[in-house]
>>> print(open('my_file35.cif').read())   # mmCIF, C-alpha atoms
data_final
#
loop_
_atom_site.group_PDB
_atom_site.id
_atom_site.type_symbol
_atom_site.label_atom_id
_atom_site.label_comp_id
_atom_site.auth_asym_id
_atom_site.auth_seq_id
_atom_site.Cartn_x
_atom_site.Cartn_y
_atom_site.Cartn_z
ATOM 1 C CA MET R 1 44.212 269.743 41.315
ATOM 2 C CA ARG R 2 44.434 267.075 43.976
ATOM 3 C CA SER R 3 47.522 266.749 46.094
ATOM 4 C CA MET R 4 49.393 263.469 46.194
ATOM 5 C CA PHE R 5 48.660 263.212 49.916
ATOM 6 C CA TYR R 6 44.895 263.683 49.408
ATOM 7 C CA THR R 7 44.820 261.078 46.619
ATOM 8 C CA SER R 8 46.915 258.627 48.662
ATOM 9 C CA MET R 9 44.616 259.004 51.665
ATOM 10 C CA LYS R 10 41.566 258.471 49.443
ATOM 11 C CA TRP R 11 42.949 255.168 48.080
ATOM 12 C CA LEU R 12 44.133 254.019 51.499
ATOM 13 C CA SER R 13 40.684 254.684 52.976
ATOM 14 C CA LYS R 14 39.033 252.748 50.116
ATOM 15 C CA ILE R 15 41.256 249.743 50.768
ATOM 16 C CA ILE R 16 40.681 249.797 54.529
ATOM 17 C CA LEU R 17 36.915 250.279 54.159
ATOM 18 C CA CYS R 18 36.706 247.236 51.868
ATOM 19 C CA PHE R 19 37.883 245.101 54.793
ATOM 20 C CA ILE R 20 35.518 246.710 57.324
ATOM 21 C CA PHE R 21 32.283 247.253 55.354
ATOM 22 C CA ARG R 22 30.465 246.054 52.299
ATOM 23 C CA ILE R 23 29.646 249.413 50.727
ATOM 24 C CA GLU R 24 27.221 249.616 47.845
ATOM 25 C CA VAL R 25 26.789 252.982 46.158
ATOM 26 C CA ILE R 26 23.617 253.456 44.154
ATOM 27 C CA GLY R 27 23.255 256.383 41.769
ATOM 28 C CA ILE R 28 26.861 257.612 41.815
ATOM 29 C CA GLU R 29 26.441 258.376 38.101
ATOM 30 C CA ASN R 30 24.031 261.154 39.122
ATOM 31 C CA PHE R 31 26.646 262.940 41.210
ATOM 32 C CA PRO R 32 27.887 266.029 39.313
ATOM 33 C CA LYS R 33 31.446 265.780 38.043
ATOM 34 C CA THR R 34 31.881 269.562 38.033
ATOM 35 C CA GLY R 35 30.276 272.640 39.531
ATOM 36 C CA PRO R 36 29.191 273.479 43.059
ATOM 37 C CA VAL R 37 27.665 270.671 45.127
ATOM 38 C CA ILE R 38 26.384 270.391 48.686
ATOM 39 C CA VAL R 39 26.326 266.881 50.110
ATOM 40 C CA ALA R 40 23.798 266.896 52.961
ATOM 41 C CA ALA R 41 24.429 263.593 54.702
ATOM 42 C CA SER R 42 23.195 262.065 57.932
ATOM 43 C CA HIS R 43 26.094 261.496 60.271
ATOM 44 C CA THR R 44 25.618 258.580 62.661
ATOM 45 C CA SER R 45 29.125 257.129 62.839
ATOM 46 C CA ASN R 46 32.726 258.297 62.803
ATOM 47 C CA TYR R 47 33.105 256.311 59.583
ATOM 48 C CA ASP R 48 30.581 258.461 57.689
ATOM 49 C CA PRO R 49 32.995 261.223 56.574
ATOM 50 C CA VAL R 50 35.613 258.618 55.635
ATOM 51 C CA ILE R 51 33.078 256.719 53.540
ATOM 52 C CA LEU R 52 31.941 259.896 51.763
ATOM 53 C CA PHE R 53 35.563 260.910 51.227
ATOM 54 C CA SER R 54 36.361 257.570 49.622
ATOM 55 C CA ILE R 55 33.331 257.084 47.346
ATOM 56 C CA PHE R 56 33.155 260.421 45.539
ATOM 57 C CA ASN R 57 35.609 261.186 42.745
ATOM 58 C CA ARG R 58 35.671 264.852 43.686
ATOM 59 C CA LYS R 59 37.558 266.597 46.437
ATOM 60 C CA ILE R 60 35.133 267.136 49.329
ATOM 61 C CA HIS R 61 35.389 269.912 51.887
ATOM 62 C CA PHE R 62 33.939 268.838 55.248
ATOM 63 C CA LEU R 63 32.622 270.773 58.197
ATOM 64 C CA ALA R 64 34.140 269.236 61.329
ATOM 65 C CA LYS R 65 33.968 270.005 65.029
ATOM 66 C CA LYS R 66 36.902 272.132 66.143
ATOM 67 C CA GLU R 67 37.843 269.604 68.827
ATOM 68 C CA LEU R 68 39.248 267.392 66.062
ATOM 69 C CA PHE R 69 41.847 270.085 65.256
ATOM 70 C CA GLN R 70 43.294 270.467 68.765
ATOM 71 C CA ARG R 71 46.319 268.215 68.378
ATOM 72 C CA ARG R 72 49.071 269.404 66.041
ATOM 73 C CA MET R 73 49.156 266.244 63.890
ATOM 74 C CA ALA R 74 45.356 266.002 63.677
ATOM 75 C CA ASN R 75 45.166 269.698 62.745
ATOM 76 C CA TRP R 76 47.672 269.134 59.933
ATOM 77 C CA LEU R 77 45.793 266.037 58.716
ATOM 78 C CA PHE R 78 42.353 267.688 58.704
ATOM 79 C CA GLN R 79 43.715 270.769 56.947
ATOM 80 C CA LYS R 80 45.206 268.537 54.226
ATOM 81 C CA LEU R 81 41.845 266.764 53.879
ATOM 82 C CA HIS R 82 40.062 270.124 53.463
ATOM 83 C CA ALA R 83 38.087 270.023 56.694
ATOM 84 C CA ILE R 84 36.626 273.300 57.956
ATOM 85 C CA PRO R 85 36.629 273.663 61.769
ATOM 86 C CA VAL R 86 33.342 274.627 63.439
ATOM 87 C CA ASP R 87 33.083 275.787 67.051
ATOM 88 C CA ARG R 88 29.784 274.225 68.082
ATOM 89 C CA GLN R 89 29.908 275.574 71.624
ATOM 90 C CA SER R 90 30.363 279.306 70.984
ATOM 91 C CA GLY R 91 27.617 279.689 68.409
ATOM 92 C CA ILE R 92 29.950 281.881 66.356
ATOM 93 C CA VAL R 93 29.613 280.412 62.893
ATOM 94 C CA ILE R 94 30.605 283.271 60.608
ATOM 95 C CA ARG R 95 34.100 281.945 59.775
ATOM 96 C CA PRO R 96 32.994 278.411 58.757
ATOM 97 C CA VAL R 97 29.990 279.870 56.896
ATOM 98 C CA ARG R 98 32.288 282.197 54.927
ATOM 99 C CA ARG R 99 34.676 279.340 54.111
ATOM 100 C CA SER R 100 31.748 277.125 53.102
ATOM 101 C CA LEU R 101 30.321 279.792 50.814
ATOM 102 C CA LYS R 102 33.753 280.249 49.220
ATOM 103 C CA VAL R 103 33.927 276.490 48.546
ATOM 104 C CA ILE R 104 30.540 276.639 46.797
ATOM 105 C CA GLU R 105 31.358 279.883 44.947
ATOM 106 C CA ASN R 106 34.528 278.231 43.622
ATOM 107 C CA GLY R 107 32.488 275.361 42.164
ATOM 108 C CA LYS R 108 33.663 272.770 44.679
ATOM 109 C CA CYS R 109 31.955 270.145 46.832
ATOM 110 C CA LEU R 110 30.910 270.784 50.456
ATOM 111 C CA GLU R 111 29.577 268.194 52.908
ATOM 112 C CA PHE R 112 27.566 268.965 55.965
ATOM 113 C CA SER R 113 25.807 266.689 58.402
ATOM 114 C CA LEU R 114 22.085 267.058 59.028
ATOM 115 C CA LYS R 115 21.903 265.097 62.230
ATOM 116 C CA VAL R 116 24.444 263.541 64.488
ATOM 117 C CA LYS R 117 24.500 260.498 66.715
ATOM 118 C CA ASP R 118 26.838 260.919 69.653
ATOM 119 C CA VAL R 119 29.079 257.879 69.372
ATOM 120 C CA LYS R 120 29.567 257.696 73.161
ATOM 121 C CA THR R 121 25.928 258.096 74.277
ATOM 122 C CA GLY R 122 24.054 256.965 71.161
ATOM 123 C CA LYS R 123 21.801 260.031 71.434
ATOM 124 C CA VAL R 124 20.678 261.462 68.069
ATOM 125 C CA SER R 125 20.254 265.205 67.732
ATOM 126 C CA ILE R 126 19.027 267.270 64.813
ATOM 127 C CA ARG R 127 21.056 270.324 63.848
ATOM 128 C CA LYS R 128 19.415 273.633 64.649
ATOM 129 C CA LYS R 129 21.213 275.351 61.801
ATOM 130 C CA GLY R 130 22.405 273.338 58.867
ATOM 131 C CA VAL R 131 21.887 273.365 55.142
ATOM 132 C CA ALA R 132 19.056 275.904 55.517
ATOM 133 C CA PHE R 133 21.349 278.300 57.404
ATOM 134 C CA SER R 134 23.661 278.591 54.403
ATOM 135 C CA GLY R 135 20.761 279.576 52.136
#
>>> encode(input="my_file35.cif", output="structure tokens")
Amino acid sequence: MRSMFYTSMKWLSKIILCFIFRIEVIGIENFPKTGPVIVAASHTSNYDPVILFSIFNRKIHFLAKKELFQRRMANWLFQKLHAIPVDRQSGIVIRPVRRSLKVIENGKCLEFSLKVKDVKTGKVSIRKKGVAFSG
């Protein structure tokens, strides 16, 4: 069951995105309404997770860099939006992998990014461990 906060944020993001982008979704009817799903998306902008969050009718659990959780308010917000913190620097991935597997085992939707473009430098890097690591 979705929380009122999650649903409110989803609608607010849809409204805001309508003013920023012209988003066209093709094939949304093929997206499963129930059961476990992994959304393996390219991530080239800070808008990407927000766009995914707003277009799918299912609750999505995101993997997100732990730096986003450092401030108290941001930590609260990302927890409410079902983000899973990942420490990219330490290489210790067991906790986010366990949480991700639990999301899938519980028949929910998990998003991970396959490659990332650093918004500051514009440099694109391919993940060393990603969807294949969870296999």
>>> atom_distance(input="my_file35.cif", atom1="atom CA of Leu12 of chain R", atom2="atom CA of Asn46 of chain R")
16.6 Å
>>> residues_around(input="my_file35.cif", residues="segment 82-93 of chain R", least_positions_apart="6", cutoff="6 Å", atoms="all atoms listed in the file", output="compact mmCIF listing (two decimals) with C-alpha atoms, in the frame of the given file")
# COMPACT_ATOMS: atom_id res chain seq x y z
CA HIS R 61 35.39 269.91 51.89
CA PHE R 62 33.94 268.84 55.25
CA LEU R 63 32.62 270.77 58.20
CA ALA R 64 34.14 269.24 61.33
CA LYS R 65 33.97 270.00 65.03
CA LYS R 66 36.90 272.13 66.14
>>> atom_distance(input="my_file35.cif", atom1="atom CA of Val103 of chain R", atom2="atom CA of Met9 of chain R")
20.7 Å
>>> closest_residue(input="my_file35.cif", among="R:Thr121, R:Asn30, R:Gln70, R:Ser13", to="Tyr47 of chain R", atoms="all atoms listed in the file")
R:Ser13
>>> atom_distance(input="my_file35.cif", atom1="atom CA of Val97 of chain R", atom2="atom CA of Gln79 of chain R")
16.5 Å
>>> residues_around(input="my_file35.cif", residues="segment 52-55 of chain R", least_positions_apart="5", cutoff="10 Å", atoms="all atoms listed in the file", output="PDB file with C-alpha atoms, keeping the file's coordinate frame")
ATOM      1  CA  TYR R   6      44.895 263.683  49.408  1.00  0.00           C
ATOM      2  CA  THR R   7      44.820 261.078  46.619  1.00  0.00           C
ATOM      3  CA  MET R   9      44.616 259.004  51.665  1.00  0.00           C
ATOM      4  CA  LYS R  10      41.566 258.471  49.443  1.00  0.00           C
ATOM      5  CA  TRP R  11      42.949 255.168  48.080  1.00  0.00           C
ATOM      6  CA  LEU R  12      44.133 254.019  51.499  1.00  0.00           C
ATOM      7  CA  SER R  13      40.684 254.684  52.976  1.00  0.00           C
ATOM      8  CA  LYS R  14      39.033 252.748  50.116  1.00  0.00           C
ATOM      9  CA  ILE R  15      41.256 249.743  50.768  1.00  0.00           C
ATOM     10  CA  LEU R  17      36.915 250.279  54.159  1.00  0.00           C
ATOM     11  CA  ILE R  23      29.646 249.413  50.727  1.00  0.00           C
ATOM     12  CA  GLU R  24      27.221 249.616  47.845  1.00  0.00           C
ATOM     13  CA  VAL R  25      26.789 252.982  46.158  1.00  0.00           C
ATOM     14  CA  ILE R  28      26.861 257.612  41.815  1.00  0.00           C
ATOM     15  CA  VAL R  39      26.326 266.881  50.110  1.00  0.00           C
ATOM     16  CA  ALA R  41      24.429 263.593  54.702  1.00  0.00           C
ATOM     17  CA  TYR R  47      33.105 256.311  59.583  1.00  0.00           C
ATOM     18  CA  ILE R  60      35.133 267.136  49.329  1.00  0.00           C
ATOM     19  CA  HIS R  61      35.389 269.912  51.887  1.00  0.00           C
ATOM     20  CA  PHE R  62      33.939 268.838  55.248  1.00  0.00           C
ATOM     21  CA  LEU R  81      41.845 266.764  53.879  1.00  0.00           C
ATOM     22  CA  GLU R 111      29.577 268.194  52.908  1.00  0.00           C
TER      23      GLU R 111
END
>>> axis_aligned_box(input="my_file35.cif", around="segment 67-72 of chain R", padding_each_side="6 Å", output="JSON")
{"center_x": 43.5, "center_y": 268.9, "center_z": 67.0, "size_x": 23.2, "size_y": 15.1, "size_z": 15.6}
>>> closest_residue(input="my_file35.cif", among="R:Gly27, R:Cys18, R:Thr44, R:Leu110", to="Pro96 of chain R", atoms="only C-alpha atoms")
R:Leu110
>>> closest_residue(input="my_file35.cif", among="R:Asn75, R:Ser100, R:Asn57, R:Ser113", to="Pro32 of chain R", atoms="all atoms listed in the file")
R:Asn57
